[in-house]
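What follows is the content of model_34.pdb, which has PDB, C-alpha atoms:
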ATOM      1  CA  MET A  13       1.427   8.113  12.116
ATOM      2  CA  SER A  14      -0.193   6.455   9.102
ATOM      3  CA  ALA A  15       1.025   6.883   5.553
ATOM      4  CA  ALA A  16      -1.973   9.117   4.889
ATOM      5  CA  GLU A  17      -1.468  11.579   7.733
ATOM      6  CA  PRO A  18       0.259  14.935   7.079
ATOM      7  CA  HIS A  19       3.815  15.630   8.227
ATOM      8  CA  ARG A  20       4.262  19.232   9.329
ATOM      9  CA  ALA A  21       7.314  21.329   8.507
ATOM     10  CA  LEU A  22       9.708  21.987  11.374
ATOM     11  CA  PRO A  23       9.439  25.424  13.022
ATOM     12  CA  ARG A  24      12.047  28.032  12.128
ATOM     13  CA  GLY A  25      14.804  28.657  14.631
ATOM     14  CA  PRO A  26      15.854  26.420  17.546
ATOM     15  CA  HIS A  27      13.625  23.377  17.954
ATOM     16  CA  GLY A  28      15.626  21.029  20.177
ATOM     17  CA  LEU A  29      15.642  18.152  17.676
ATOM     18  CA  SER A  30      18.698  16.083  16.897
ATOM     19  CA  ARG A  31      20.150  15.942  13.385
ATOM     20  CA  GLU A  32      18.706  12.450  12.960
ATOM     21  CA  GLU A  33      15.237  13.619  13.992
ATOM     22  CA  VAL A  34      15.420  16.547  11.587
ATOM     23  CA  GLU A  35      16.415  14.247   8.726
ATOM     24  CA  LEU A  36      13.600  11.826   9.560
ATOM     25  CA  SER A  37      11.103  14.704   9.497
ATOM     26  CA  GLN A  38      12.448  16.011   6.202
ATOM     27  CA  ARG A  39      12.420  12.540   4.674
ATOM     28  CA  ALA A  40       8.837  11.936   5.794
ATOM     29  CA  ARG A  41       7.713  15.252   4.288
ATOM     30  CA  LEU A  42       9.430  14.429   1.008
ATOM     31  CA  LEU A  43       7.783  11.004   0.846
ATOM     32  CA  GLN A  44       4.380  12.494   1.533
ATOM     33  CA  ALA A  45       4.938  15.279  -1.003
ATOM     34  CA  THR A  46       6.012  12.729  -3.614
ATOM     35  CA  THR A  47       2.895  10.656  -3.017
ATOM     36  CA  GLU A  48       0.637  13.700  -3.341
ATOM     37  CA  ALA A  49       2.407  15.182  -6.369
ATOM     38  CA  VAL A  50       2.520  11.908  -8.297
ATOM     39  CA  ALA A  51      -1.132  11.145  -7.480
ATOM     40  CA  GLU A  52      -2.158  14.570  -8.782
ATOM     41  CA  GLN A  53       0.147  15.021 -11.777
ATOM     42  CA  GLY A  54       1.326  11.537 -12.648
ATOM     43  CA  TYR A  55       4.826  10.160 -12.231
ATOM     44  CA  VAL A  56       6.130  11.325 -15.607
ATOM     45  CA  LYS A  57       5.030  14.949 -15.189
ATOM     46  CA  THR A  58       6.125  15.283 -11.560
ATOM     47  CA  THR A  59       9.473  17.021 -11.088
ATOM     48  CA  VAL A  60      11.808  17.322  -8.134
ATOM     49  CA  ALA A  61      10.786  20.999  -7.981
ATOM     50  CA  ASP A  62       7.135  19.958  -7.539
ATOM     51  CA  ILE A  63       8.108  17.717  -4.635
ATOM     52  CA  LEU A  64      10.234  20.391  -2.987
ATOM     53  CA  ALA A  65       7.471  22.983  -3.223
ATOM     54  CA  ARG A  66       5.042  20.684  -1.421
ATOM     55  CA  ALA A  67       7.527  19.450   1.173
ATOM     56  CA  GLY A  68       9.093  22.773   2.074
ATOM     57  CA  VAL A  69      12.550  21.188   1.861
ATOM     58  CA  SER A  70      15.599  22.561   0.059
ATOM     59  CA  ARG A  71      17.034  21.012  -3.087
ATOM     60  CA  ALA A  72      20.331  20.424  -1.280
ATOM     61  CA  THR A  73      18.528  18.479   1.448
ATOM     62  CA  PHE A  74      16.633  16.444  -1.149
ATOM     63  CA  TYR A  75      19.859  15.299  -2.784
ATOM     64  CA  GLN A  76      21.390  14.487   0.573
ATOM     65  CA  LEU A  77      18.551  12.048   1.167
ATOM     66  CA  PHE A  78      17.774  10.728  -2.330
ATOM     67  CA  ARG A  79      19.682  10.239  -5.576
ATOM     68  CA  ASP A  80      16.879  11.503  -7.816
ATOM     69  CA  LYS A  81      13.123  11.542  -8.339
ATOM     70  CA  GLU A  82      12.987   7.792  -8.961
ATOM     71  CA  ASP A  83      14.850   7.031  -5.740
ATOM     72  CA  CYS A  84      12.434   9.217  -3.768
ATOM     73  CA  PHE A  85       9.426   7.668  -5.485
ATOM     74  CA  LEU A  86      10.639   4.148  -4.718
ATOM     75  CA  ALA A  87      10.979   5.090  -1.049
ATOM     76  CA  ALA A  88       7.506   6.655  -1.068
ATOM     77  CA  TYR A  89       6.058   3.559  -2.696
ATOM     78  CA  LYS A  90       7.689   1.269  -0.143
ATOM     79  CA  ASN A  91       6.391   3.465   2.664
ATOM     80  CA  ASN A  92       2.849   3.212   1.308
ATOM     81  CA  ALA A  93       3.115  -0.511   0.599
ATOM     82  CA  ASP A  94       4.468  -1.238   4.076
ATOM     83  CA  PHE A  95       1.633   0.761   5.624
ATOM     84  CA  VAL A  96      -1.062  -1.167   3.753
ATOM     85  CA  ALA A  97       0.586  -4.516   4.539
ATOM     86  CA  ALA A  98       0.901  -3.597   8.225
ATOM     87  CA  VAL A  99      -2.772  -2.639   8.456
ATOM     88  CA  MET A 100      -3.787  -6.010   7.015
ATOM     89  CA  ALA A 101      -1.334  -7.929   9.208
ATOM     90  CA  VAL A 102      -2.686  -6.268  12.353
ATOM     91  CA  GLU A 103      -6.242  -7.161  11.376
ATOM     92  CA  LEU A 104      -5.201 -10.755  10.668
ATOM     93  CA  GLU A 105      -3.643 -11.070  14.112
ATOM     94  CA  GLN A 106      -6.788  -9.670  15.723
ATOM     95  CA  VAL A 107      -9.140 -12.062  13.952
ATOM     96  CA  ARG A 108      -6.842 -14.977  14.747
ATOM     97  CA  ALA A 109      -6.813 -14.005  18.403
ATOM     98  CA  SER A 110     -10.607 -13.864  18.541
ATOM     99  CA  GLY A 111     -10.811 -17.517  17.483
ATOM    100  CA  ASP A 112     -14.508 -17.319  16.592
ATOM    101  CA  LEU A 113     -14.297 -16.700  12.835
ATOM    102  CA  ASP A 114     -14.033 -19.283  10.085
ATOM    103  CA  PRO A 115     -11.359 -18.878   7.381
ATOM    104  CA  LEU A 116     -13.623 -17.095   4.900
ATOM    105  CA  GLU A 117     -14.736 -14.653   7.577
ATOM    106  CA  ARG A 118     -11.094 -13.953   8.420
ATOM    107  CA  LEU A 119     -10.377 -13.307   4.754
ATOM    108  CA  GLY A 120     -13.393 -11.010   4.547
ATOM    109  CA  ARG A 121     -12.172  -8.934   7.473
ATOM    110  CA  VAL A 122      -8.665  -8.562   6.008
ATOM    111  CA  LEU A 123     -10.083  -7.636   2.607
ATOM    112  CA  GLU A 124     -12.366  -5.041   4.174
ATOM    113  CA  VAL A 125      -9.432  -3.396   5.945
ATOM    114  CA  TYR A 126      -7.457  -3.330   2.671
ATOM    115  CA  LEU A 127     -10.269  -1.691   0.721
ATOM    116  CA  THR A 128     -10.978   0.804   3.498
ATOM    117  CA  ALA A 129      -7.309   1.814   3.778
ATOM    118  CA  LEU A 130      -7.159   2.565   0.058
ATOM    119  CA  ARG A 131     -10.448   4.471   0.092
ATOM    120  CA  SER A 132      -9.247   6.553   3.045
ATOM    121  CA  GLY A 133      -6.028   7.527   1.235
ATOM    122  CA  PRO A 134      -6.837   8.259  -2.416
ATOM    123  CA  ALA A 135      -3.332   9.597  -3.135
ATOM    124  CA  LEU A 136      -1.810   6.500  -1.550
ATOM    125  CA  ALA A 137      -4.139   4.315  -3.620
ATOM    126  CA  ARG A 138      -3.254   5.981  -6.905
ATOM    127  CA  VAL A 139       0.497   5.773  -6.289
ATOM    128  CA  PHE A 140       0.272   2.237  -4.885
ATOM    129  CA  LEU A 141      -1.868   0.842  -7.713
ATOM    130  CA  VAL A 142      -1.595   2.995 -10.832
ATOM    131  CA  GLU A 143       1.395   5.333 -11.048
ATOM    132  CA  VAL A 144       3.844   2.667  -9.920
ATOM    133  CA  TYR A 145       3.686   1.191 -13.434
ATOM    134  CA  ALA A 146       4.924   4.462 -14.961
ATOM    135  CA  ALA A 147       8.003   4.586 -12.730
ATOM    136  CA  GLY A 148      10.042   1.883 -14.450
ATOM    137  CA  PRO A 149      11.080  -1.737 -13.873
ATOM    138  CA  THR A 150      12.424  -1.304 -10.338
ATOM    139  CA  ALA A 151       9.117   0.156  -9.169
ATOM    140  CA  ILE A 152       7.191  -2.603 -10.943
ATOM    141  CA  GLU A 153       9.338  -5.187  -9.159
ATOM    142  CA  GLN A 154       8.468  -3.488  -5.862
ATOM    143  CA  ARG A 155       4.806  -3.748  -6.813
ATOM    144  CA  ARG A 156       5.270  -7.437  -7.492
ATOM    145  CA  ALA A 157       6.867  -7.897  -4.066
ATOM    146  CA  SER A 158       3.974  -6.092  -2.370
ATOM    147  CA  LEU A 159       1.509  -8.369  -4.154
ATOM    148  CA  GLU A 160       3.406 -11.377  -2.809
ATOM    149  CA  GLN A 161       3.003  -9.929   0.697
ATOM    150  CA  PHE A 162      -0.733  -9.731   0.019
ATOM    151  CA  VAL A 163      -0.699 -13.363  -1.143
ATOM    152  CA  ASP A 164       1.028 -14.382   2.096
ATOM    153  CA  ILE A 165      -1.660 -12.654   4.176
ATOM    154  CA  VAL A 166      -4.506 -14.211   2.164
ATOM    155  CA  ALA A 167      -2.928 -17.655   2.568
ATOM    156  CA  GLU A 168      -2.544 -17.098   6.319
ATOM    157  CA  THR A 169      -6.294 -16.548   6.702
ATOM    158  CA  HIS A 170      -6.653 -20.225   5.727
ATOM    159  CA  ARG A 171      -3.703 -21.661   7.652
ATOM    160  CA  GLY A 172      -4.323 -25.319   8.494
ATOM    161  CA  GLU A 173      -7.084 -25.767   5.918
ATOM    162  CA  SER A 174      -6.938 -28.823   3.685
ATOM    163  CA  GLY A 175      -8.716 -27.270   0.696
ATOM    164  CA  VAL A 176      -7.384 -25.403  -2.307
ATOM    165  CA  LEU A 177      -6.425 -22.312  -0.283
ATOM    166  CA  GLY A 178      -3.912 -22.334   2.561
ATOM    167  CA  THR A 179      -0.261 -21.874   3.449
ATOM    168  CA  LYS A 180       1.174 -24.995   1.793
ATOM    169  CA  GLY A 181       3.097 -24.551  -1.444
ATOM    170  CA  SER A 182       0.437 -26.485  -3.338
ATOM    171  CA  GLN A 183      -2.227 -24.068  -2.041
ATOM    172  CA  ARG A 184      -0.450 -20.835  -2.989
ATOM    173  CA  PHE A 185      -1.837 -20.597  -6.519
ATOM    174  CA  ALA A 186      -5.367 -20.102  -5.187
ATOM    175  CA  ALA A 187      -4.167 -17.205  -3.025
ATOM    176  CA  GLN A 188      -2.342 -15.728  -6.021
ATOM    177  CA  ALA A 189      -5.466 -16.052  -8.174
ATOM    178  CA  PHE A 190      -7.593 -14.280  -5.568
ATOM    179  CA  VAL A 191      -5.054 -11.481  -5.071
ATOM    180  CA  GLY A 192      -4.812 -11.090  -8.844
ATOM    181  CA  ALA A 193      -8.569 -10.578  -9.051
ATOM    182  CA  VAL A 194      -8.512  -8.076  -6.178
ATOM    183  CA  SER A 195      -5.608  -6.162  -7.712
ATOM    184  CA  SER A 196      -7.217  -5.968 -11.143
ATOM    185  CA  LEU A 197     -10.593  -4.740  -9.911
ATOM    186  CA  VAL A 198      -9.153  -2.284  -7.397
ATOM    187  CA  THR A 199      -6.603  -0.873  -9.859
ATOM    188  CA  ASN A 200      -9.298  -0.327 -12.480
ATOM    189  CA  ALA A 201     -11.537   1.461  -9.972
ATOM    190  CA  VAL A 202      -8.760   3.738  -8.723
ATOM    191  CA  GLY A 203      -7.580   4.402 -12.273
ATOM    192  CA  VAL A 204     -10.952   5.876 -13.277
ATOM    193  CA  GLY A 205     -11.420   7.829 -10.052
ATOM    194  CA  GLU A 206     -13.824   5.487  -8.265
ATOM    195  CA  THR A 207     -11.768   5.143  -5.079
ATOM    196  CA  ASP A 208     -14.791   5.922  -2.886
ATOM    197  CA  ASP A 209     -16.547   2.845  -4.284
ATOM    198  CA  LEU A 210     -13.811   0.380  -3.316
ATOM    199  CA  PRO A 211     -15.657  -1.100  -0.282
ATOM    200  CA  SER A 212     -18.467  -2.188  -2.623
ATOM    201  CA  LEU A 213     -16.051  -4.680  -4.183
ATOM    202  CA  ARG A 214     -15.912  -6.685  -0.975
ATOM    203  CA  GLN A 215     -19.137  -8.624  -1.535
ATOM    204  CA  PRO A 216     -18.433  -9.855  -5.104
ATOM    205  CA  LEU A 217     -14.836 -10.641  -4.205
ATOM    206  CA  MET A 218     -15.954 -12.693  -1.236
ATOM    207  CA  ARG A 219     -18.363 -14.583  -3.484
ATOM    208  CA  LEU A 220     -15.362 -15.359  -5.668
ATOM    209  CA  ALA A 221     -13.396 -16.494  -2.611
ATOM    210  CA  ALA A 222     -16.251 -18.791  -1.647
ATOM    211  CA  GLN A 223     -16.207 -20.315  -5.120
ATOM    212  CA  ILE A 224     -12.420 -20.732  -5.068
ATOM    213  CA  THR A 225     -12.613 -22.518  -1.738
ATOM    214  CA  ARG A 226     -15.765 -24.411  -2.729
ATOM    215  CA  LYS A 227     -17.705 -23.071   0.209
ATOM    216  CA  LEU A 228     -20.835 -22.113  -1.673
TER     217      LEU A 228
END
Would you write the structure of this file as C-alpha coordinates?
Amino acid sequence: MSAAEPHRALPRGPHGLSREEVELSQRARLLQATTEAVAEQGYVKTTVADILARAGVSRATFYQLFRDKEDCFLAAYKNNADFVAAVMAVELEQVRASGDLDPLERLGRVLEVYLTALRSGPALARVFLVEVYAAGPTAIEQRRASLEQFVDIVAETHRGESGVLGTKGSQRFAAQAFVGAVSSLVTNAVGVGETDDLPSLRQPLMRLAAQITRKL
(Lines of atoms letter the chains of each structure in order from A and count residues from 1; the text may use other names and numbers.)
(Lines give C-alpha, C1' and ligand atoms only; values in the text may rest on other atoms or scores of the structure.)
Protein backbone atom coordinates (compact mmCIF):
# COMPACT_ATOMS: atom_id res chain seq x y z
CA MET A 1 0.00 0.00 0.00
CA SER A 2 1.37 3.42 -0.95
CA ALA A 3 1.48 6.37 1.40
CA ALA A 4 -1.39 7.91 -0.55
CA GLU A 5 -3.82 4.99 -0.36
CA PRO A 6 -6.58 4.97 2.29
CA HIS A 7 -6.43 2.72 5.35
CA ARG A 8 -9.86 1.44 6.33
CA ALA A 9 -11.07 1.18 9.92
CA LEU A 10 -11.28 -2.32 11.36
CA PRO A 11 -14.76 -3.88 11.48
CA ARG A 12 -16.57 -3.94 14.81
CA GLY A 13 -16.63 -7.21 16.69
CA PRO A 14 -14.38 -10.25 16.15
CA HIS A 15 -12.03 -9.84 13.20
CA GLY A 16 -9.39 -12.53 13.72
CA LEU A 17 -6.46 -10.10 13.79
CA SER A 18 -3.64 -10.29 16.29
CA ARG A 19 -2.93 -7.43 18.70
CA GLU A 20 0.11 -6.48 16.62
CA GLU A 21 -1.96 -6.37 13.42
CA VAL A 22 -4.60 -4.22 15.11
CA GLU A 23 -1.95 -1.78 16.33
CA LEU A 24 -0.37 -1.60 12.88
CA SER A 25 -3.78 -0.81 11.36
CA GLN A 26 -4.51 1.84 13.97
CA ARG A 27 -1.07 3.39 13.54
CA ALA A 28 -1.45 3.50 9.76
CA ARG A 29 -4.85 5.20 10.06
CA LEU A 30 -3.43 7.77 12.46
CA LEU A 31 -0.52 8.54 10.13
CA GLN A 32 -2.86 8.95 7.19
CA ALA A 33 -5.26 11.10 9.22
CA THR A 34 -2.37 13.29 10.37
CA THR A 35 -1.18 13.78 6.80
CA GLU A 36 -4.67 14.74 5.63
CA ALA A 37 -5.48 17.00 8.59
CA VAL A 38 -2.17 18.87 8.46
CA ALA A 39 -2.40 19.29 4.67
CA GLU A 40 -5.89 20.77 5.03
CA GLN A 41 -5.57 22.85 8.20
CA GLY A 42 -1.85 23.38 8.66
CA TYR A 43 0.33 21.89 11.37
CA VAL A 44 -0.26 24.64 13.93
CA LYS A 45 -4.07 24.50 13.72
CA THR A 46 -4.33 20.71 13.66
CA THR A 47 -5.20 19.14 17.01
CA VAL A 48 -5.08 15.58 18.28
CA ALA A 49 -8.89 15.67 18.24
CA ASP A 50 -8.83 16.46 14.50
CA ILE A 51 -6.60 13.45 13.89
CA LEU A 52 -8.74 11.14 16.00
CA ALA A 53 -11.93 12.19 14.22
CA ARG A 54 -10.43 11.33 10.83
CA ALA A 55 -8.76 8.10 11.96
CA GLY A 56 -11.63 6.66 13.96
CA VAL A 57 -9.22 5.79 16.77
CA SER A 58 -9.67 6.47 20.48
CA ARG A 59 -7.63 9.03 22.39
CA ALA A 60 -6.34 6.27 24.68
CA THR A 61 -5.08 4.32 21.66
CA PHE A 62 -3.43 7.44 20.24
CA TYR A 63 -1.42 7.98 23.41
CA GLN A 64 -0.45 4.33 23.53
CA LEU A 65 1.16 4.74 20.12
CA PHE A 66 2.45 8.33 20.18
CA ARG A 67 3.59 10.80 22.83
CA ASP A 68 1.80 13.79 21.31
CA LYS A 69 0.85 15.50 18.06
CA GLU A 70 4.48 16.23 17.17
CA ASP A 71 5.49 12.60 17.65
CA CYS A 72 2.65 11.46 15.38
CA PHE A 73 3.49 14.09 12.78
CA LEU A 74 7.15 13.06 12.74
CA ALA A 75 6.11 9.46 12.12
CA ALA A 76 3.72 10.55 9.36
CA TYR A 77 6.45 12.64 7.76
CA LYS A 78 8.92 9.76 7.85
CA ASN A 79 6.30 7.46 6.34
CA ASN A 80 5.74 9.89 3.47
CA ALA A 81 9.44 10.57 2.98
CA ASP A 82 10.28 6.87 2.93
CA PHE A 83 7.54 6.26 0.36
CA VAL A 84 8.84 8.95 -2.00
CA ALA A 85 12.44 7.76 -1.61
CA ALA A 86 11.41 4.15 -2.26
CA VAL A 87 9.55 5.09 -5.43
CA MET A 88 12.64 6.87 -6.77
CA ALA A 89 14.98 4.05 -5.72
CA VAL A 90 12.84 1.47 -7.53
CA GLU A 91 12.87 3.56 -10.69
CA LEU A 92 16.65 3.99 -10.44
CA GLU A 93 17.14 0.23 -10.20
CA GLN A 94 14.90 -0.31 -13.22
CA VAL A 95 16.72 2.18 -15.42
CA ARG A 96 20.07 0.76 -14.32
CA ALA A 97 18.92 -2.73 -15.21
CA SER A 98 17.82 -1.64 -18.68
CA GLY A 99 21.36 -0.48 -19.47
CA ASP A 100 20.29 1.55 -22.51
CA LEU A 101 19.97 5.02 -20.96
CA ASP A 102 22.70 7.60 -20.51
CA PRO A 103 23.14 9.29 -17.11
CA LEU A 104 21.00 12.32 -17.93
CA GLU A 105 18.20 10.08 -19.16
CA ARG A 106 18.39 8.09 -15.93
CA LEU A 107 18.16 11.32 -13.94
CA GLY A 108 15.20 12.43 -16.04
CA ARG A 109 13.32 9.21 -15.32
CA VAL A 110 13.93 9.46 -11.56
CA LEU A 111 12.89 13.11 -11.53
CA GLU A 112 9.71 12.30 -13.45
CA VAL A 113 8.76 9.63 -10.91
CA TYR A 114 9.38 12.09 -8.05
CA LEU A 115 7.21 14.80 -9.57
CA THR A 116 4.46 12.34 -10.46
CA ALA A 117 4.39 10.87 -6.94
CA LEU A 118 3.92 14.32 -5.43
CA ARG A 119 1.25 15.30 -7.95
CA SER A 120 -0.64 12.06 -7.26
CA GLY A 121 -0.66 12.71 -3.50
CA PRO A 122 -1.35 16.41 -2.89
CA ALA A 123 -1.72 15.93 0.89
CA LEU A 124 1.56 14.02 0.97
CA ALA A 125 3.21 16.78 -1.06
CA ARG A 126 2.02 19.56 1.22
CA VAL A 127 3.13 17.78 4.40
CA PHE A 128 6.40 16.61 2.84
CA LEU A 129 7.38 20.01 1.42
CA VAL A 130 5.55 22.82 3.22
CA GLU A 131 4.06 22.00 6.62
CA VAL A 132 7.18 20.21 7.81
CA TYR A 133 8.78 23.63 8.40
CA ALA A 134 6.02 24.59 10.86
CA ALA A 135 6.54 21.48 12.99
CA GLY A 136 9.77 22.52 14.70
CA PRO A 137 13.49 21.73 14.53
CA THR A 138 13.20 17.94 14.75
CA ALA A 139 10.89 17.86 11.74
CA ILE A 140 13.18 20.23 9.83
CA GLU A 141 16.11 17.92 10.56
CA GLN A 142 14.05 15.04 9.15
CA ARG A 143 13.44 17.12 6.05
CA ARG A 144 17.16 17.71 5.74
CA ALA A 145 17.80 13.97 5.99
CA SER A 146 15.23 13.25 3.27
CA LEU A 147 16.91 15.79 1.01
CA GLU A 148 20.22 13.98 1.54
CA GLN A 149 18.51 10.76 0.43
CA PHE A 150 17.42 12.60 -2.72
CA VAL A 151 21.00 13.78 -3.25
CA ASP A 152 22.23 10.18 -2.97
CA ILE A 153 19.76 9.04 -5.64
CA VAL A 154 20.67 11.90 -7.99
CA ALA A 155 24.37 11.09 -7.57
CA GLU A 156 23.70 7.41 -8.27
CA THR A 157 22.20 8.24 -11.67
CA HIS A 158 25.72 9.37 -12.63
CA ARG A 159 27.74 6.63 -10.92
CA GLY A 160 31.07 6.13 -12.70
CA GLU A 161 30.96 9.47 -14.51
CA SER A 162 34.08 11.61 -14.46
CA GLY A 163 32.31 14.98 -14.73
CA VAL A 164 31.02 17.34 -12.08
CA LEU A 165 28.16 15.04 -11.05
CA GLY A 166 28.64 11.54 -9.67
CA THR A 167 29.06 9.51 -6.50
CA LYS A 168 32.53 10.69 -5.47
CA GLY A 169 32.78 13.12 -2.57
CA SER A 170 34.10 15.82 -4.89
CA GLN A 171 31.01 15.39 -7.11
CA ARG A 172 28.39 15.63 -4.36
CA PHE A 173 28.03 19.42 -4.44
CA ALA A 174 26.58 19.28 -7.96
CA ALA A 175 23.95 16.77 -6.81
CA GLN A 176 23.17 18.98 -3.81
CA ALA A 177 22.82 22.04 -6.06
CA PHE A 178 20.42 20.21 -8.37
CA VAL A 179 18.32 18.85 -5.49
CA GLY A 180 18.23 22.33 -3.97
CA ALA A 181 16.81 23.73 -7.20
CA VAL A 182 14.23 20.93 -7.42
CA SER A 183 13.20 21.39 -3.79
CA SER A 184 12.82 25.15 -4.12
CA LEU A 185 10.71 25.05 -7.28
CA VAL A 186 8.55 22.14 -6.13
CA THR A 187 7.97 23.61 -2.66
CA ASN A 188 6.92 26.95 -4.14
CA ALA A 189 4.48 25.25 -6.52
CA VAL A 190 2.91 23.11 -3.80
CA GLY A 191 2.78 26.08 -1.42
CA VAL A 192 0.56 28.08 -3.80
CA GLY A 193 -1.63 25.13 -4.75
CA GLU A 194 -0.08 24.27 -8.12
CA THR A 195 0.58 20.60 -7.34
CA ASP A 196 -1.07 19.48 -10.60
CA ASP A 197 1.55 21.45 -12.55
CA LEU A 198 4.56 19.71 -10.99
CA PRO A 199 5.34 17.47 -14.02
CA SER A 200 5.83 20.62 -16.12
CA LEU A 201 8.94 21.38 -14.06
CA ARG A 202 10.72 18.35 -15.47
CA GLN A 203 11.81 19.97 -18.73
CA PRO A 204 13.39 23.15 -17.27
CA LEU A 205 15.00 21.16 -14.48
CA MET A 206 16.53 18.77 -16.97
CA ARG A 207 17.88 21.72 -18.94
CA LEU A 208 19.51 22.84 -15.71
CA ALA A 209 20.92 19.34 -15.18
CA ALA A 210 22.37 19.41 -18.68
CA GLN A 211 24.06 22.72 -17.93
CA ILE A 212 25.41 21.46 -14.60
CA THR A 213 26.89 18.41 -16.29
CA ARG A 214 27.98 20.42 -19.34
CA LYS A 215 26.02 18.23 -21.70
CA LEU A 216 24.42 20.99 -23.71
Spatial neighbours of stretch 150-162 of chain A, max dist 7 Å, all atoms listed in the file, sep filter under 4 positions, as JSON, numbers by chain
{"A": [86, 93, 144, 145, 166, 191]}
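Once the PyMOL selection byres ((chain A and resi 54) around 12) is applied to the depicted file, the selected set reads A:Thr46, A:Thr47, A:Glu48, A:Ala49, A:Val50, A:Ala51, A:Glu52, A:Gln53, A:Tyr55, A:Val56, A:Lys57, A:Thr58, A:Thr59, A:Asp62, A:Phe85, A:Ala135, A:Arg138, A:Val139, A:Val142, A:Glu143, A:Val144, A:Tyr145, A:Ala146, A:Ala147, A:Gly203.
Coordinates place atom CA of A:His170 at a distance of 18.5 Å from atom CA of A:Gln215.
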Rows by chain and residue number, stretch 160-208 of chain A within 12 Å of stretch 119-122 of chain A, shortest pair, only C-alpha atoms, as CSV:
residue,atom,partner,partner_atom,distance
A:Phe162,CA,A:Val122,CA,10.0
A:Val163,CA,A:Leu119,CA,11.3
A:Asp164,CA,A:Leu119,CA,11.8
A:Ile165,CA,A:Val122,CA,8.3
A:Val166,CA,A:Leu119,CA,6.5
A:Ala167,CA,A:Leu119,CA,8.9
A:Glu168,CA,A:Leu119,CA,8.8
A:Thr169,CA,A:Leu119,CA,5.6
A:His170,CA,A:Leu119,CA,7.9
A:Arg171,CA,A:Leu119,CA,11.1
A:Leu177,CA,A:Leu119,CA,11.0
A:Gly178,CA,A:Leu119,CA,11.3
A:Ala187,CA,A:Leu119,CA,10.7
A:Phe190,CA,A:Leu119,CA,10.7
A:Val191,CA,A:Leu119,CA,11.3
For the selection just defined, write its residues with C-alpha atoms to a file, as a PDB file, keeping the file's coordinate frame.
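Done, and the output landed in again_34.pdb:
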ATOM      1  CA  PHE A 162      -0.733  -9.731   0.019  1.00  0.00           C
ATOM      2  CA  VAL A 163      -0.699 -13.363  -1.143  1.00  0.00           C
ATOM      3  CA  ASP A 164       1.028 -14.382   2.096  1.00  0.00           C
ATOM      4  CA  ILE A 165      -1.660 -12.654   4.176  1.00  0.00           C
ATOM      5  CA  VAL A 166      -4.506 -14.211   2.164  1.00  0.00           C
ATOM      6  CA  ALA A 167      -2.928 -17.655   2.568  1.00  0.00           C
ATOM      7  CA  GLU A 168      -2.544 -17.098   6.319  1.00  0.00           C
ATOM      8  CA  THR A 169      -6.294 -16.548   6.702  1.00  0.00           C
ATOM      9  CA  HIS A 170      -6.653 -20.225   5.727  1.00  0.00           C
ATOM     10  CA  ARG A 171      -3.703 -21.661   7.652  1.00  0.00           C
ATOM     11  CA  LEU A 177      -6.425 -22.312  -0.283  1.00  0.00           C
ATOM     12  CA  GLY A 178      -3.912 -22.334   2.561  1.00  0.00           C
ATOM     13  CA  ALA A 187      -4.167 -17.205  -3.025  1.00  0.00           C
ATOM     14  CA  PHE A 190      -7.593 -14.280  -5.568  1.00  0.00           C
ATOM     15  CA  VAL A 191      -5.054 -11.481  -5.071  1.00  0.00           C
TER      16      VAL A 191
END
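Closest to A:Thr73 among A:Asp208, A:Glu35, A:Glu117, A:Asp112 is A:Glu35, based on all atoms listed in the file.
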If you take all atoms listed in the file and a cut-off of 10 Å, which residues of stretch 110-133 of chain A touch stretch 94-99 of chain A, and what are their nearest atom pairs and distances in Å to one decimal, in chain and number order, as a tab-separated table?
residue	atom	partner	partner_atom	distance
A:Val122	CA	A:Val99	CA	8.7
A:Val125	CA	A:Val99	CA	7.2
A:Tyr126	CA	A:Val96	CA	6.8
A:Leu127	CA	A:Val96	CA	9.7
A:Ala129	CA	A:Val96	CA	6.9
A:Leu130	CA	A:Val96	CA	8.0
One decimal, in Å: what's the spacing between atom CA of A:Gln44 and atom CA of A:Ala67?
7.6 Å
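Residues matched by the PyMOL selection byres ((chain A and resi 176) around 8) in this file: Ser174, Gly175, Leu177, Gly178, Ser182, Gln183, Ala186, Ile224 and Thr225 of chain A.
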